[in-house]
>>> print(open('upload13.txt').read())   # compact mmCIF, C-alpha atoms (C1' of nucleotides)
# COMPACT_ATOMS: atom_id res chain seq x y z
CA MET A 1 116.49 101.97 125.95
CA PRO A 2 115.33 100.02 122.94
CA GLU A 3 113.00 97.12 123.86
CA GLY A 4 109.25 97.38 123.33
CA PRO A 5 108.24 98.19 126.92
CA SER A 6 110.63 101.15 126.96
CA LEU A 7 108.94 102.48 123.84
CA VAL A 8 105.59 102.25 125.63
CA ILE A 9 106.99 104.47 128.39
CA LEU A 10 108.09 107.00 125.78
CA ARG A 11 104.68 106.87 124.12
CA GLU A 12 102.99 107.55 127.45
CA GLN A 13 105.36 110.42 128.22
CA ALA A 14 104.75 111.90 124.78
CA ALA A 15 100.97 111.36 124.67
CA GLY A 16 100.32 115.06 125.28
CA PHE A 17 101.99 115.94 121.98
CA ALA A 18 98.97 114.69 120.08
CA GLY A 19 97.07 117.68 118.79
CA GLN A 20 100.10 119.97 118.99
CA THR A 21 101.66 121.55 115.94
CA ILE A 22 105.37 121.25 115.21
CA VAL A 23 106.69 124.78 114.73
CA ARG A 24 110.36 123.96 114.46
CA ALA A 25 112.43 120.83 113.72
CA GLU A 26 116.19 120.88 114.32
CA GLY A 27 118.98 118.36 114.63
CA ASN A 28 121.79 116.62 112.80
CA THR A 29 119.60 114.14 110.97
CA SER A 30 119.89 114.14 107.20
CA ALA A 31 116.10 113.78 106.95
CA ASP A 32 114.18 116.74 105.57
CA LYS A 33 113.32 118.58 108.78
CA LYS A 34 111.43 121.34 106.94
CA ARG A 35 108.86 118.77 106.03
CA LEU A 36 107.88 118.49 109.68
CA GLU A 37 107.37 122.17 110.36
CA GLY A 38 103.74 123.26 110.42
CA GLN A 39 102.53 119.66 110.75
CA ARG A 40 99.92 118.89 113.35
CA ILE A 41 100.56 115.70 115.33
CA VAL A 42 97.65 113.33 114.86
CA ALA A 43 98.90 110.71 117.32
CA VAL A 44 102.02 109.25 118.90
CA ARG A 45 102.15 105.49 118.47
CA THR A 46 104.53 102.57 118.82
CA TRP A 47 105.06 99.30 117.02
CA GLY A 48 107.62 97.06 118.64
CA LYS A 49 110.78 99.14 118.92
CA HIS A 50 109.49 101.82 116.55
CA PHE A 51 108.28 105.20 117.84
CA LEU A 52 105.82 106.73 115.40
CA VAL A 53 104.67 110.33 115.17
CA GLU A 54 101.60 110.24 112.99
CA LEU A 55 101.00 113.38 110.93
CA PRO A 56 98.10 114.12 108.59
CA HIS A 57 99.73 112.81 105.41
CA PHE A 58 102.79 110.85 106.56
CA ALA A 59 104.50 109.61 109.69
CA LEU A 60 107.86 110.09 111.37
CA ARG A 61 109.59 106.90 112.49
CA ILE A 62 112.24 106.94 115.20
CA HIS A 63 114.28 103.80 115.88
CA PHE A 64 116.71 103.94 118.79
CA LEU A 65 118.83 100.96 117.77
CA LEU A 66 121.29 100.07 120.54
CA PHE A 67 122.36 103.47 121.84
CA GLY A 68 119.48 105.83 121.19
CA SER A 69 117.89 108.02 123.85
CA TYR A 70 115.33 110.77 124.21
CA ARG A 71 114.28 113.65 126.45
CA VAL A 72 110.81 115.17 126.83
CA ASN A 73 110.92 118.90 127.53
CA GLU A 74 114.61 118.61 128.41
CA ARG A 75 117.89 118.43 126.54
CA LYS A 76 121.00 116.39 127.12
CA ASP A 77 123.97 118.46 128.20
CA HIS A 78 126.58 117.39 125.70
CA SER A 79 125.34 115.46 122.71
CA PRO A 80 123.45 117.33 119.99
CA PRO A 81 120.00 115.98 119.15
CA ARG A 82 119.54 113.91 116.04
CA LEU A 83 116.09 115.45 115.89
CA SER A 84 114.36 118.04 118.06
CA LEU A 85 110.62 118.65 117.60
CA GLN A 86 109.44 121.95 119.04
CA CYS A 87 105.72 122.51 119.29
CA ASP A 88 103.48 125.57 119.44
CA SER A 89 102.91 125.17 123.18
CA GLY A 90 106.65 125.25 123.85
CA ASP A 91 106.81 121.50 124.53
CA GLU A 92 109.65 119.68 122.83
CA LEU A 93 110.70 116.13 122.06
CA ASN A 94 114.42 115.48 121.61
CA PHE A 95 115.86 112.31 120.10
CA TYR A 96 119.53 111.31 120.20
CA THR A 97 121.59 108.78 118.21
CA CYS A 98 118.61 107.26 116.51
CA SER A 99 117.44 106.40 113.04
CA VAL A 100 114.99 108.92 111.56
CA LYS A 101 112.74 107.98 108.66
CA PHE A 102 109.54 109.15 107.06
CA ILE A 103 106.79 106.68 106.27
CA ASP A 104 104.59 107.77 103.38
CA GLU A 105 102.24 104.82 103.25
CA PRO A 106 99.36 104.47 105.74
CA LEU A 107 100.66 102.96 108.98
CA ASP A 108 98.08 100.20 108.84
CA ALA A 109 99.58 99.13 105.51
CA VAL A 110 103.12 99.03 106.91
CA TYR A 111 102.65 97.57 110.39
CA ASP A 112 101.04 94.36 111.57
CA TRP A 113 99.83 95.52 114.97
CA GLN A 114 98.96 91.94 115.90
CA ALA A 115 102.68 91.14 116.03
CA ASP A 116 103.48 93.80 118.64
CA VAL A 117 103.76 92.13 122.04
CA MET A 118 102.80 95.38 123.77
CA SER A 119 99.75 96.07 121.61
CA ASP A 120 96.07 95.58 122.48
CA ALA A 121 95.92 93.93 119.07
CA TRP A 122 98.57 91.30 120.01
CA ASN A 123 97.51 87.95 118.59
CA PRO A 124 99.22 84.95 120.22
CA ALA A 125 97.57 82.50 117.82
CA LEU A 126 99.18 84.31 114.91
CA ALA A 127 102.59 84.16 116.61
CA LEU A 128 102.14 80.42 117.12
CA LYS A 129 101.23 79.99 113.48
CA ARG A 130 104.32 81.90 112.39
CA LEU A 131 106.55 79.85 114.68
CA ARG A 132 105.13 76.59 113.37
CA ALA A 133 105.81 77.75 109.83
CA ALA A 134 109.56 77.79 110.56
CA PRO A 135 110.19 74.74 112.76
CA ASP A 136 113.98 74.76 112.35
CA THR A 137 114.33 78.20 113.91
CA LEU A 138 116.25 78.25 117.18
CA ALA A 139 114.32 79.49 120.18
CA CYS A 140 116.88 82.25 120.74
CA ASP A 141 116.38 83.51 117.18
CA ALA A 142 112.60 83.09 117.16
CA LEU A 143 112.11 85.42 120.11
CA LEU A 144 114.16 88.13 118.41
CA ASP A 145 112.20 87.89 115.16
CA GLN A 146 110.41 91.23 114.94
CA ASP A 147 107.89 89.84 112.47
CA VAL A 148 106.74 87.41 115.15
CA PHE A 149 107.50 89.22 118.43
CA ALA A 150 107.82 92.91 117.62
CA GLY A 151 109.34 94.65 120.62
CA VAL A 152 111.17 91.66 122.10
CA GLY A 153 114.89 92.27 122.54
CA ASN A 154 117.83 90.45 124.04
CA ILE A 155 116.85 90.96 127.69
CA ILE A 156 113.32 89.69 127.17
CA LYS A 157 114.65 86.79 125.10
CA ASN A 158 116.97 85.60 127.86
CA GLU A 159 114.42 86.05 130.64
CA VAL A 160 111.60 84.32 128.77
CA LEU A 161 113.73 81.26 128.00
CA TYR A 162 114.88 81.09 131.60
CA ARG A 163 111.30 81.40 132.84
CA ILE A 164 109.98 78.60 130.69
CA ARG A 165 113.12 76.48 131.23
CA VAL A 166 113.89 76.13 127.56
CA HIS A 167 117.46 76.02 126.26
CA PRO A 168 118.16 78.76 123.68
CA LEU A 169 119.39 76.23 121.11
CA SER A 170 116.11 74.32 121.16
CA THR A 171 114.32 74.36 117.85
CA VAL A 172 110.80 75.70 117.67
CA GLY A 173 109.56 72.55 115.95
CA ALA A 174 110.92 70.28 118.67
CA LEU A 175 109.19 72.10 121.51
CA PRO A 176 106.19 70.31 123.02
CA ALA A 177 103.00 72.23 122.26
CA ALA A 178 102.68 73.42 125.85
CA GLN A 179 106.21 74.81 125.82
CA LEU A 180 105.65 76.58 122.53
CA ARG A 181 102.48 78.15 123.90
CA ALA A 182 104.39 79.14 127.04
CA LEU A 183 107.07 80.79 124.93
CA VAL A 184 104.44 82.91 123.19
CA ALA A 185 102.57 83.69 126.40
CA GLN A 186 105.70 84.67 128.29
CA ALA A 187 107.02 86.83 125.46
CA ARG A 188 104.04 89.04 126.23
CA GLN A 189 103.84 88.49 129.99
CA TYR A 190 107.52 89.20 130.62
CA SER A 191 107.30 92.30 128.45
CA PHE A 192 104.56 93.67 130.72
CA ASP A 193 106.54 92.70 133.82
CA PHE A 194 109.49 94.53 132.25
CA LEU A 195 107.28 97.58 131.74
CA ALA A 196 106.10 97.65 135.36
CA TRP A 197 109.58 97.07 136.76
CA LYS A 198 111.15 99.66 134.50
CA LYS A 199 108.59 102.25 135.59
CA ASP A 200 109.57 101.51 139.19
CA PHE A 201 113.30 101.63 138.35
CA VAL A 202 113.70 98.04 139.54
CA LEU A 203 114.09 96.23 136.23
CA LYS A 204 117.67 95.07 136.62
CA GLN A 205 117.16 93.64 140.07
CA HIS A 206 114.55 91.29 138.63
CA TRP A 207 116.87 89.83 136.03
CA LEU A 208 117.32 86.11 136.67
CA ALA A 209 119.35 85.24 133.57
CA HIS A 210 120.36 88.28 131.57
CA ARG A 211 123.90 89.33 132.55
CA GLN A 212 123.72 87.05 135.57
CA SER A 213 126.40 84.59 136.58
CA VAL A 214 124.64 82.06 138.81
CA CYS A 215 121.34 80.22 138.42
CA ARG A 216 119.05 81.09 141.32
CA ARG A 217 117.26 77.76 140.92
CA CYS A 218 120.19 75.37 141.19
CA ASP A 219 123.18 77.54 142.15
CA LEU A 220 125.21 76.33 139.19
CA PRO A 221 126.97 78.89 137.01
CA LEU A 222 125.01 80.25 134.07
CA THR A 223 126.39 79.88 130.56
CA LYS A 224 127.03 82.92 128.41
CA ALA A 225 127.35 82.35 124.68
CA THR A 226 126.79 84.07 121.36
CA LEU A 227 124.14 81.94 119.73
CA GLY A 228 121.97 81.66 116.67
CA LYS A 229 121.75 83.51 113.41
CA THR A 230 121.18 86.67 115.39
CA ARG A 231 124.60 86.28 117.11
CA ARG A 232 123.41 87.83 120.34
CA GLN A 233 124.48 86.92 123.85
CA SER A 234 122.44 84.21 125.50
CA TYR A 235 122.58 83.67 129.26
CA PHE A 236 121.13 80.36 130.36
CA CYS A 237 121.34 77.47 132.79
CA SER A 238 122.30 74.30 130.99
CA HIS A 239 121.04 72.34 133.98
CA CYS A 240 117.58 73.91 134.37
CA GLN A 241 116.83 74.84 130.78
CA ARG A 242 116.04 71.82 128.69
CA LEU A 243 117.31 71.37 125.16
CA TYR A 244 114.55 70.24 122.81
CA SER A 245 116.01 69.32 119.47
CA ASP A 246 115.17 66.95 116.67
CA ALA A 247 117.81 64.27 116.29
CA PRO A 248 119.75 64.93 113.10
CA ARG A 249 118.52 62.53 110.44
CA ALA A 250 120.96 60.40 108.50
CA ALA A 251 120.86 60.86 104.75
CA ALA A 252 118.41 58.48 103.12
CA PRO A 253 120.26 55.49 101.68
CA GLY A 254 120.30 55.14 97.95
CA GLY A 255 119.83 58.73 97.21
C1' DG B 1 140.64 102.37 129.63
C1' DA B 2 139.02 98.38 127.24
C1' DA B 3 135.07 95.80 126.53
C1' DA B 4 130.46 94.94 126.26
C1' DA B 5 125.93 96.08 125.32
C1' DT B 6 118.21 96.97 125.49
C1' DG B 7 119.83 96.71 117.46
C1' DT B 8 119.44 97.05 112.64
C1' DT B 9 121.06 97.51 107.97
C1' DA B 10 124.56 97.74 104.37
C1' DT B 11 127.95 95.22 102.16
C1' DC B 12 130.68 91.41 100.91
C1' DA B 13 131.15 86.50 99.74
C1' DT B 14 129.45 82.28 98.17
C1' DT C 1 119.94 86.11 92.02
C1' DA C 2 119.54 84.77 96.55
C1' DT C 3 121.23 83.64 100.89
C1' DG C 4 124.15 84.11 104.69
C1' DA C 5 128.00 85.90 107.25
C1' DT C 6 130.48 90.03 108.46
C1' DA C 7 131.12 94.94 109.05
C1' DA C 8 129.51 99.23 110.20
C1' DC C 9 127.35 102.52 113.02
C1' DA C 10 127.49 104.98 117.79
C1' DT C 11 127.12 105.90 123.31
C1' DT C 12 127.03 104.59 127.94
C1' DT C 13 128.18 101.50 131.55
C1' DT C 14 131.06 98.03 133.75
>>> encode(input="upload13.txt", output="structure tokens")
Amino acid sequence: MPEGPSLVILREQAAGFAGQTIVRAEGNTSADKKRLEGQRIVAVRTWGKHFLVELPHFALRIHFLLFGSYRVNERKDHSPPRLSLQCDSGDELNFYTCSVKFIDEPLDAVYDWQADVMSDAWNPALALKRLRAAPDTLACDALLDQDVFAGVGNIIKNEVLYRIRVHPLSTVGALPAAQLRALVAQARQYSFDFLAWKKDFVLKQHWLAHRQSVCRRCDLPLTKATLGKTRRQSYFCSHCQRLYSDAPRAAAPGG
DNA sequence: GAAAATGTTATCAT
DNA sequence: TATGATAACATTTT
């Protein structure tokens, strides 16, 4: 469930919890649940893959990592919740297999909302600037960098690179300006496509690269490989996706 | 039933 | 000390 668009769906489902007061907090988290009881929820927010429950003097941060899940006004049958928030109205939010943390600083001091691809505050010019500051970064790693593209995960990474026909091992600095702009634009555009498709339960059928075996453009088999510093699976067409890379420079003679 | 997977962080090694 | 690779964690689907 963890990419940014999925968190937006959770935020929308949980919007009605704003204004409610937490009367009971249970679960197997080691976090101090008592601290949550009696707190009035100021807002439910997201930043990238983070789900934030803003309280008057601190915030609760839920991160679902790879396997996390949640239920709104329901419970899973078998697994115990990591954290269950029960409100005065009887509504409850249940989180499973997730990371639970408290944030004691103001959220605006912790989060750069302009880096969140799902946010109204998303700033593509800032993403471009950050990419240009690290020209040796591989495209497959750049898209997963949460400081640049908060909310982008492995699915979005693979689909964006396929869309813009860029090989995952291309370096950011070697991309023509138009391709770099397209990478930034599609990181956001695909994320919103993802959101719409996920809401309609048709996300997977729109995958063109991720976990696919054949390129729908040229009919050649797609390549699957663990690439980059992030060591995540890339799915790509080595025929349709162009590799942009600076030629390795020979060492300067004489030292 | 093994393997892989929408991810991050702690730990070890250099 | 800082950087980078590896391990650890944990659940559902293929």
>>> interface_residues(input="upload13.txt", of="chain A", to="chain B", cutoff="10 Å", atoms="all atoms listed in the file", output="JSON, numbers by chain")
{"A": [1, 2, 3, 4, 6, 49, 63, 64, 65, 66, 67, 68, 99, 152, 153, 154, 155, 156, 232, 233]}
>>> closest_atom_pairs(input="upload13.txt", of="chain C", to="chain A", cutoff="12 Å", atoms="all atoms listed in the file", output="tab-separated table")
residue	atom	partner	partner_atom	distance
C:DG4	C1'	A:Lys229	CA	9.1
C:DA5	C1'	A:Lys229	CA	9.1
C:DT6	C1'	A:Arg231	CA	11.1
C:DC9	C1'	A:Leu65	CA	9.9
C:DA10	C1'	A:Phe67	CA	6.7
C:DT11	C1'	A:Phe67	CA	5.5
C:DT12	C1'	A:Phe67	CA	7.8
C:DT13	C1'	A:Phe67	CA	11.5
C:DT14	C1'	A:Arg211	CA	11.3
>>> closest_residue(input="upload13.txt", among="A:His50, A:Arg24, A:Lys224, A:Arg211", to="A:Leu93", atoms="only C-alpha atoms")
A:Arg24
>>> atom_distance(input="upload13.txt", atom1="atom CA of A:Asp141", atom2="atom CA of A:Thr46")
22.5 Å
>>> axis_aligned_box(input="upload13.txt", around="stretch 21-32 of chain A", padding_each_side="6 Å", output="JSON")
{"center_x": 111.7, "center_y": 119.3, "center_z": 110.8, "size_x": 32.1, "size_y": 23.0, "size_z": 22.4}
>>> atom_distance(input="upload13.txt", atom1="atom CA of A:Ala59", atom2="atom CA of A:Gly27")
17.6 Å
